[in-house]
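Chemist: So that we are looking at the same thing, I have put the structure below in structure tokens.
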Amino acid sequence: DAATPAPPPALRDAAPAPVFGALSGGYRVLLDALVAAADAHLRLGTTVRELRPHDTGWRLTLGPTTAPEVLDVDAVVLAIPAPAAARLLSEAAPSAAQAAAEIELASSVVVALAYLGEDAAGLPPTSGALIATGEPLSAKAFTHSTNKWSHLSPDGLVRLRASLGRFGEAATLQVDDAELVRRVRADLAALTGITAEPVAVHVQRWGGGLPQYGVGHLDRVRAIEHGLPAGLAVAGSALHGVGVPACIGTGRAAAERLVEHLTAHPAPA
């Protein structure tokens, strides 16, 4: 057999790529860059209550019922949770709305903890741990954030986060933040022996933030995507996965769908 050629020096001497990628400064850096590149006009904190076909495009009803506002647009991307999409599509795309309504959601909570280095000596040199259903612990996963992303510890603190909440466990999350932190610290002590007081804690709740991909999910997604009239598109975690790459893929597909439609049917001058 011929000998395997040696890799070029540039590859041979390069540092190994990290297993996990992240953005220094968090995803806000990415969002701000996308907003700047798009030169978009943002309307944050505004509720869209109704979506109807109108002339060659769509009419949105915005704001509170006591002071509604009408906005006429050429096309719409629905990047929202499945139940909200089902409500807005109920008249414009009934079959897509029905499929979206069948996608169930779970709620979750993330508890972030920061420790002095000497207080977190029991933390293993791993990226984290997944906890099986049925274990006598409250958390479903721990991420050893400092190990996973080294840029998160410029001050020398050890950071980690715990995730809580599986499908059907919404009631177990309906406790105050202090109780959630107590449960997470008890789990951490059981897993690693760390009992020290954290120097900082942050609790972030995501009500209905985890779509569930049950039996028949791909059929539901096809019904949603194929049941939309021209000028409408959907994107987001309810379709092909909650991960950032999957969501980017749905966003790109939605944009391409609308660009194709608007190119073939330009708005009147």
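If you're wondering about the labels, chains in the structure tokens are A, B, ... by order shown, residues count from 1 in each chain, ligands from 1 in order shown.
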What lies within 10 Å of A:Ala132 using only C-alpha atoms, ignoring chain neighbours under 6 positions off, as a ChimeraX atom specification?
Modeler: /A:139-141
Chemist: With the cut-off set at 12 Å and counting only C-alpha atoms, tabulate each residue of stretch 45-149 of chain A with an atom at most that distance from an atom of stretch 221-227 of chain A, showing the nearest atom pair and its distance in Å to one decimal, ordered by chain and increasing number, as a tab-separated table.
Modeler:
```
residue	atom	partner	partner_atom	distance
A:Val77	CA	A:Glu225	CA	11.7
A:Leu78	CA	A:Glu225	CA	11.3
A:Ala82	CA	A:Ile224	CA	10.1
A:Ala85	CA	A:Ile224	CA	9.8
A:Ala86	CA	A:Ile224	CA	9.5
A:Leu89	CA	A:Ile224	CA	9.8
A:Ser90	CA	A:Gly227	CA	11.4
A:Glu91	CA	A:Gly227	CA	11.9
A:Ala92	CA	A:Gly227	CA	9.7
A:Ala93	CA	A:Gly227	CA	6.3
A:Pro94	CA	A:Gly227	CA	7.9
A:Ser95	CA	A:Gly227	CA	5.9
A:Ala96	CA	A:Ile224	CA	4.0
A:Ala97	CA	A:Ile224	CA	7.1
A:Gln98	CA	A:Ile224	CA	8.3
A:Ala99	CA	A:Ile224	CA	6.0
A:Ala100	CA	A:Ile224	CA	6.6
A:Ala101	CA	A:Ile224	CA	10.1
A:Glu102	CA	A:Val221	CA	10.3
A:Ile103	CA	A:Val221	CA	9.3
```
Chemist: Just N, CA, C and O atoms for this one: save the residues we selected as a PDB file, in the first residue's frame.
Modeler:
```
ATOM      1  N   VAL A  77     -42.628  36.232   7.512  1.00  0.00           N
ATOM      2  CA  VAL A  77     -41.978  35.061   8.085  1.00  0.00           C
ATOM      3  C   VAL A  77     -42.467  34.925   9.520  1.00  0.00           C
ATOM      4  O   VAL A  77     -42.349  35.870  10.311  1.00  0.00           O
ATOM      5  N   LEU A  78     -43.017  33.768   9.852  1.00  0.00           N
ATOM      6  CA  LEU A  78     -43.464  33.497  11.215  1.00  0.00           C
ATOM      7  C   LEU A  78     -42.355  32.728  11.932  1.00  0.00           C
ATOM      8  O   LEU A  78     -42.199  31.524  11.748  1.00  0.00           O
ATOM      9  N   ALA A  82     -44.866  27.272  18.007  1.00  0.00           N
ATOM     10  CA  ALA A  82     -45.901  26.596  17.224  1.00  0.00           C
ATOM     11  C   ALA A  82     -47.325  26.999  17.610  1.00  0.00           C
ATOM     12  O   ALA A  82     -48.156  27.220  16.719  1.00  0.00           O
ATOM     13  N   ALA A  85     -48.063  30.331  16.059  1.00  0.00           N
ATOM     14  CA  ALA A  85     -48.200  30.200  14.609  1.00  0.00           C
ATOM     15  C   ALA A  85     -49.551  29.593  14.249  1.00  0.00           C
ATOM     16  O   ALA A  85     -50.188  30.009  13.272  1.00  0.00           O
ATOM     17  N   ALA A  86     -49.996  28.619  15.030  1.00  0.00           N
ATOM     18  CA  ALA A  86     -51.297  27.993  14.759  1.00  0.00           C
ATOM     19  C   ALA A  86     -52.417  29.023  14.846  1.00  0.00           C
ATOM     20  O   ALA A  86     -53.339  29.023  14.013  1.00  0.00           O
ATOM     21  N   LEU A  89     -52.241  31.440  11.794  1.00  0.00           N
ATOM     22  CA  LEU A  89     -52.493  30.794  10.498  1.00  0.00           C
ATOM     23  C   LEU A  89     -53.889  30.194  10.393  1.00  0.00           C
ATOM     24  O   LEU A  89     -54.230  29.618   9.355  1.00  0.00           O
ATOM     25  N   SER A  90     -54.694  30.312  11.430  1.00  0.00           N
ATOM     26  CA  SER A  90     -55.973  29.599  11.475  1.00  0.00           C
ATOM     27  C   SER A  90     -56.879  29.920  10.295  1.00  0.00           C
ATOM     28  O   SER A  90     -57.608  29.045   9.807  1.00  0.00           O
ATOM     29  N   GLU A  91     -56.856  31.150   9.811  1.00  0.00           N
ATOM     30  CA  GLU A  91     -57.694  31.516   8.661  1.00  0.00           C
ATOM     31  C   GLU A  91     -56.908  31.498   7.360  1.00  0.00           C
ATOM     32  O   GLU A  91     -57.419  31.070   6.331  1.00  0.00           O
ATOM     33  N   ALA A  92     -55.656  31.944   7.399  1.00  0.00           N
ATOM     34  CA  ALA A  92     -54.878  32.052   6.166  1.00  0.00           C
ATOM     35  C   ALA A  92     -54.405  30.702   5.650  1.00  0.00           C
ATOM     36  O   ALA A  92     -54.275  30.510   4.435  1.00  0.00           O
ATOM     37  N   ALA A  93     -54.149  29.758   6.560  1.00  0.00           N
ATOM     38  CA  ALA A  93     -53.626  28.446   6.154  1.00  0.00           C
ATOM     39  C   ALA A  93     -54.102  27.402   7.156  1.00  0.00           C
ATOM     40  O   ALA A  93     -53.338  26.955   8.014  1.00  0.00           O
ATOM     41  N   PRO A  94     -55.365  26.976   7.068  1.00  0.00           N
ATOM     42  CA  PRO A  94     -55.939  26.078   8.083  1.00  0.00           C
ATOM     43  C   PRO A  94     -55.196  24.763   8.250  1.00  0.00           C
ATOM     44  O   PRO A  94     -55.020  24.292   9.373  1.00  0.00           O
ATOM     45  N   SER A  95     -54.750  24.149   7.161  1.00  0.00           N
ATOM     46  CA  SER A  95     -54.060  22.860   7.289  1.00  0.00           C
ATOM     47  C   SER A  95     -52.719  23.028   7.988  1.00  0.00           C
ATOM     48  O   SER A  95     -52.322  22.196   8.824  1.00  0.00           O
ATOM     49  N   ALA A  96     -52.009  24.088   7.674  1.00  0.00           N
ATOM     50  CA  ALA A  96     -50.742  24.358   8.357  1.00  0.00           C
ATOM     51  C   ALA A  96     -50.987  24.680   9.825  1.00  0.00           C
ATOM     52  O   ALA A  96     -50.231  24.260  10.702  1.00  0.00           O
ATOM     53  N   ALA A  97     -52.055  25.420  10.091  1.00  0.00           N
ATOM     54  CA  ALA A  97     -52.389  25.767  11.475  1.00  0.00           C
ATOM     55  C   ALA A  97     -52.694  24.523  12.298  1.00  0.00           C
ATOM     56  O   ALA A  97     -52.257  24.401  13.456  1.00  0.00           O
ATOM     57  N   GLN A  98     -53.437  23.595  11.714  1.00  0.00           N
ATOM     58  CA  GLN A  98     -53.774  22.370  12.438  1.00  0.00           C
ATOM     59  C   GLN A  98     -52.519  21.574  12.779  1.00  0.00           C
ATOM     60  O   GLN A  98     -52.369  21.057  13.892  1.00  0.00           O
ATOM     61  N   ALA A  99     -51.594  21.480  11.826  1.00  0.00           N
ATOM     62  CA  ALA A  99     -50.351  20.739  12.072  1.00  0.00           C
ATOM     63  C   ALA A  99     -49.516  21.432  13.146  1.00  0.00           C
ATOM     64  O   ALA A  99     -48.946  20.778  14.026  1.00  0.00           O
ATOM     65  N   ALA A 100     -49.446  22.751  13.106  1.00  0.00           N
ATOM     66  CA  ALA A 100     -48.670  23.484  14.109  1.00  0.00           C
ATOM     67  C   ALA A 100     -49.269  23.318  15.500  1.00  0.00           C
ATOM     68  O   ALA A 100     -48.546  23.223  16.497  1.00  0.00           O
ATOM     69  N   ALA A 101     -50.590  23.253  15.569  1.00  0.00           N
ATOM     70  CA  ALA A 101     -51.263  23.111  16.860  1.00  0.00           C
ATOM     71  C   ALA A 101     -50.970  21.770  17.514  1.00  0.00           C
ATOM     72  O   ALA A 101     -51.136  21.619  18.737  1.00  0.00           O
ATOM     73  N   GLU A 102     -50.543  20.782  16.728  1.00  0.00           N
ATOM     74  CA  GLU A 102     -50.256  19.453  17.264  1.00  0.00           C
ATOM     75  C   GLU A 102     -48.856  19.339  17.870  1.00  0.00           C
ATOM     76  O   GLU A 102     -48.526  18.328  18.485  1.00  0.00           O
ATOM     77  N   ILE A 103     -48.020  20.365  17.701  1.00  0.00           N
ATOM     78  CA  ILE A 103     -46.668  20.349  18.260  1.00  0.00           C
ATOM     79  C   ILE A 103     -46.730  20.829  19.702  1.00  0.00           C
ATOM     80  O   ILE A 103     -47.088  21.975  19.971  1.00  0.00           O
TER      81      ILE A 103
END
```
Chemist: In Å, how far is it from atom CA of A:Gly156 to atom CA of A:Gln204?
Modeler: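 Here the two named atoms are 23.1 Å from each other.
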Chemist: Identify, on the basis of only C-alpha atoms, every residue whose closest approach to A:Ala186 does not exceed 12 Å; exclude the query and any residue fewer than 6 positions from it along the same chain; express the result as a list in words.
Modeler: Pro136, Leu137, Ser138, Ala139, Ala162, Glu179, Leu180, Thr192, Gly193, Ile194, Thr195, Ala196 and Glu197 of chain A
Chemist: Please return as a PyMOL selection string: the residues of stretch 90-255 of chain A that backbone DSSP assigns to alpha helix (DSSP H).
Modeler: chain A and resi 94-101+145-148+177-192+217-226+237-240+244-255
Chemist: What lies within 9 Å of A:Gly251 using only C-alpha atoms, ignoring chain neighbours under 2 positions off, as a list in words?
Modeler: Val77, Ala79, Val234, Ala235, Gly236, Ala246, Cys247, Ile248, Gly249, Ala253, Ala254, Ala255 and Glu256 of chain A
Chemist: Write the residues of the selection above to a file with N, CA and C atoms, as a PDB file, in the first residue's frame.
Modeler:
```pdb
ATOM      1  N   VAL A  77     -42.628  36.232   7.512  1.00  0.00           N
ATOM      2  CA  VAL A  77     -41.978  35.061   8.085  1.00  0.00           C
ATOM      3  C   VAL A  77     -42.467  34.925   9.520  1.00  0.00           C
ATOM      4  N   ALA A  79     -41.579  33.433  12.735  1.00  0.00           N
ATOM      5  CA  ALA A  79     -40.511  32.818  13.532  1.00  0.00           C
ATOM      6  C   ALA A  79     -40.943  32.865  14.992  1.00  0.00           C
ATOM      7  N   VAL A 234     -42.345  29.989   7.384  1.00  0.00           N
ATOM      8  CA  VAL A 234     -42.154  29.749   8.817  1.00  0.00           C
ATOM      9  C   VAL A 234     -40.689  29.426   9.069  1.00  0.00           C
ATOM     10  N   ALA A 235     -40.251  29.692  10.284  1.00  0.00           N
ATOM     11  CA  ALA A 235     -38.875  29.391  10.686  1.00  0.00           C
ATOM     12  C   ALA A 235     -38.872  29.192  12.192  1.00  0.00           C
ATOM     13  N   GLY A 236     -37.810  28.546  12.687  1.00  0.00           N
ATOM     14  CA  GLY A 236     -37.663  28.429  14.123  1.00  0.00           C
ATOM     15  C   GLY A 236     -37.511  27.013  14.622  1.00  0.00           C
ATOM     16  N   ALA A 246     -29.722  24.443  13.172  1.00  0.00           N
ATOM     17  CA  ALA A 246     -31.029  24.051  12.627  1.00  0.00           C
ATOM     18  C   ALA A 246     -31.927  25.267  12.446  1.00  0.00           C
ATOM     19  N   CYS A 247     -31.909  26.179  13.415  1.00  0.00           N
ATOM     20  CA  CYS A 247     -32.744  27.381  13.311  1.00  0.00           C
ATOM     21  C   CYS A 247     -32.254  28.291  12.191  1.00  0.00           C
ATOM     22  N   ILE A 248     -30.932  28.399  12.037  1.00  0.00           N
ATOM     23  CA  ILE A 248     -30.402  29.188  10.922  1.00  0.00           C
ATOM     24  C   ILE A 248     -30.850  28.593   9.593  1.00  0.00           C
ATOM     25  N   GLY A 249     -30.850  27.261   9.508  1.00  0.00           N
ATOM     26  CA  GLY A 249     -31.292  26.609   8.283  1.00  0.00           C
ATOM     27  C   GLY A 249     -32.741  26.932   7.942  1.00  0.00           C
ATOM     28  N   ALA A 253     -34.076  29.050   4.676  1.00  0.00           N
ATOM     29  CA  ALA A 253     -35.077  28.484   3.773  1.00  0.00           C
ATOM     30  C   ALA A 253     -36.290  29.398   3.654  1.00  0.00           C
ATOM     31  N   ALA A 254     -36.713  29.994   4.777  1.00  0.00           N
ATOM     32  CA  ALA A 254     -37.855  30.912   4.746  1.00  0.00           C
ATOM     33  C   ALA A 254     -37.539  32.137   3.901  1.00  0.00           C
ATOM     34  N   ALA A 255     -36.335  32.692   4.079  1.00  0.00           N
ATOM     35  CA  ALA A 255     -35.952  33.867   3.299  1.00  0.00           C
ATOM     36  C   ALA A 255     -35.899  33.559   1.813  1.00  0.00           C
ATOM     37  N   GLU A 256     -35.350  32.396   1.458  1.00  0.00           N
ATOM     38  CA  GLU A 256     -35.263  32.029   0.043  1.00  0.00           C
ATOM     39  C   GLU A 256     -36.648  31.847  -0.561  1.00  0.00           C
TER      40      GLU A 256
END
```
Chemist: Near A:Asp176, counting only C-alpha atoms, which residues have an atom at most 12 Å away, once you skip same-chain residues fewer than 4 positions from it, shown as a PDB file with C-alpha atoms, in the first residue's frame?
Modeler:
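File produced: part-v7.pdb:
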```pdb
ATOM      1  CA  VAL A 109     -35.250  26.794  33.475  1.00  0.00           C
ATOM      2  CA  ALA A 171     -45.615  21.990  37.726  1.00  0.00           C
ATOM      3  CA  THR A 172     -42.212  21.132  39.200  1.00  0.00           C
ATOM      4  CA  LEU A 180     -34.678  26.150  42.119  1.00  0.00           C
ATOM      5  CA  VAL A 181     -31.197  27.255  43.165  1.00  0.00           C
ATOM      6  CA  ARG A 182     -31.452  25.100  46.294  1.00  0.00           C
ATOM      7  CA  ARG A 183     -32.360  22.049  44.204  1.00  0.00           C
ATOM      8  CA  VAL A 203     -32.111  32.079  36.978  1.00  0.00           C
ATOM      9  CA  GLN A 204     -33.608  32.256  33.480  1.00  0.00           C
ATOM     10  CA  ARG A 205     -37.030  30.761  32.755  1.00  0.00           C
TER      11      ARG A 205
END
```
Chemist: Nearest to A:Arg166: which of A:Leu105, A:Val29, A:Leu88, A:Val259 is it, counting only C-alpha atoms?
Modeler: A:Leu105
Chemist: List the neighbours of A:Gly45 out to 12 Å using only C-alpha atoms; skip same-chain residues closer than 3 positions along the sequence, and give me the result as a list in words.
Modeler: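 The contact residues come out as Leu42, Val48, Leu62, Gly63 and Pro64 of chain A.
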Chemist: Taking only C-alpha atoms into account, name the residue in A:Leu31, A:Phe167, A:Ala233, A:Arg252 that is nearest to A:Ala75.
Modeler: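 Residue with the minimum atom-to-atom distance to A:Ala75: A:Ala233.
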Chemist: Please provide as a CSV table (one decimal) with all heavy atoms, in the first residue's frame all residues within 12 Å of A:His265, with the sequence filter that same-chain residues fewer than 5 positions apart are discarded (counting only C-alpha atoms).
Modeler:
```csv
chain,number,residue,atom,x,y,z
A,56,THR,N,-52.2,42.2,-2.7
A,56,THR,CA,-51.2,41.3,-3.2
A,56,THR,C,-50.3,40.8,-2.1
A,56,THR,O,-49.3,40.1,-2.3
A,56,THR,CB,-50.3,42.0,-4.2
A,56,THR,OG1,-49.7,43.2,-3.7
A,56,THR,CG2,-51.2,42.4,-5.5
A,57,GLY,N,-50.6,41.2,-0.8
A,57,GLY,CA,-49.8,40.8,0.3
A,57,GLY,C,-50.6,40.4,1.5
A,57,GLY,O,-51.6,39.6,1.4
A,74,ASP,N,-45.7,43.0,2.2
A,74,ASP,CA,-45.7,42.1,1.0
A,74,ASP,C,-45.6,40.6,1.3
A,74,ASP,O,-46.1,39.8,0.6
A,74,ASP,CB,-44.4,42.5,0.2
A,74,ASP,CG,-44.5,43.9,-0.3
A,74,ASP,OD1,-45.7,44.4,-0.6
A,74,ASP,OD2,-43.5,44.6,-0.4
A,75,ALA,N,-44.9,40.3,2.4
A,75,ALA,CA,-44.6,38.9,2.8
A,75,ALA,C,-44.4,38.8,4.3
A,75,ALA,O,-44.0,39.8,5.0
A,75,ALA,CB,-43.5,38.3,2.0
A,230,ALA,N,-48.6,31.4,-0.9
A,230,ALA,CA,-47.5,32.3,-1.3
A,230,ALA,C,-47.4,33.5,-0.5
A,230,ALA,O,-48.4,34.1,-0.1
A,230,ALA,CB,-47.6,32.6,-2.8
A,231,GLY,N,-46.1,33.9,-0.2
A,231,GLY,CA,-45.9,35.1,0.6
A,231,GLY,C,-45.8,34.9,2.1
A,231,GLY,O,-45.6,35.8,2.9
A,258,LEU,N,-39.4,33.4,0.3
A,258,LEU,CA,-40.0,34.7,0.1
A,258,LEU,C,-39.3,35.5,-1.0
A,258,LEU,O,-40.0,36.3,-1.7
A,258,LEU,CB,-40.1,35.5,1.4
A,258,LEU,CG,-40.9,34.9,2.5
A,258,LEU,CD1,-41.1,35.8,3.7
A,258,LEU,CD2,-42.3,34.4,2.0
A,259,VAL,N,-38.0,35.4,-1.1
A,259,VAL,CA,-37.3,36.1,-2.2
A,259,VAL,C,-37.8,35.6,-3.5
A,259,VAL,O,-38.0,36.4,-4.5
A,259,VAL,CB,-35.8,35.9,-2.0
A,259,VAL,CG1,-35.1,36.3,-3.3
A,259,VAL,CG2,-35.3,36.7,-0.8
A,260,GLU,N,-37.9,34.3,-3.6
A,260,GLU,CA,-38.4,33.7,-4.9
A,260,GLU,C,-39.8,34.2,-5.2
A,260,GLU,O,-40.1,34.6,-6.3
A,260,GLU,CB,-38.4,32.2,-4.8
A,260,GLU,CG,-38.9,31.5,-6.0
A,260,GLU,CD,-38.9,30.0,-5.9
A,260,GLU,OE1,-38.4,29.4,-4.8
A,260,GLU,OE2,-39.3,29.3,-6.8
```
Chemist: So that I can check the secondary structure, give me every residue of stretch 29-250 of chain A assigned strand (DSSP E) by backbone DSSP, as number ranges by chain.
Modeler: A: 48-54, 57-62, 69-73, 76-78, 105-115, 128-130, 141-143, 158-164, 200-211, 232-234
Chemist: Pick from A:Leu157, A:Ala36, A:Ala120, A:Val76: nearest to A:Arg52, with only C-alpha atoms counted?
Modeler: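 Closest residue, counting only C-alpha atoms: A:Val76.
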Chemist: Expressed in Å to a single decimal, how great is the separation between atom CA of A:Leu188 and atom CA of A:Ala106?
Modeler: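 Separating atom CA of A:Leu188 from atom CA of A:Ala106 is a distance of 23.4 Å.
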Chemist: Find the residue from A:Leu71, A:Ile80, A:Leu130, A:Leu152 that sits nearest to A:Ser237; use only C-alpha atoms when measuring.
Modeler: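 Of A:Leu71, A:Ile80, A:Leu130, A:Leu152, the one nearest A:Ser237, counting only C-alpha atoms, is A:Ile80.
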Chemist: So the first atom is atom CA of A:Val110 and the second is atom CA of A:Gly122; what is the distance between them in Å, to one decimal place?
Modeler: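 Atom CA of A:Gly122 lies at a distance of 21.2 Å from atom CA of A:Val110.
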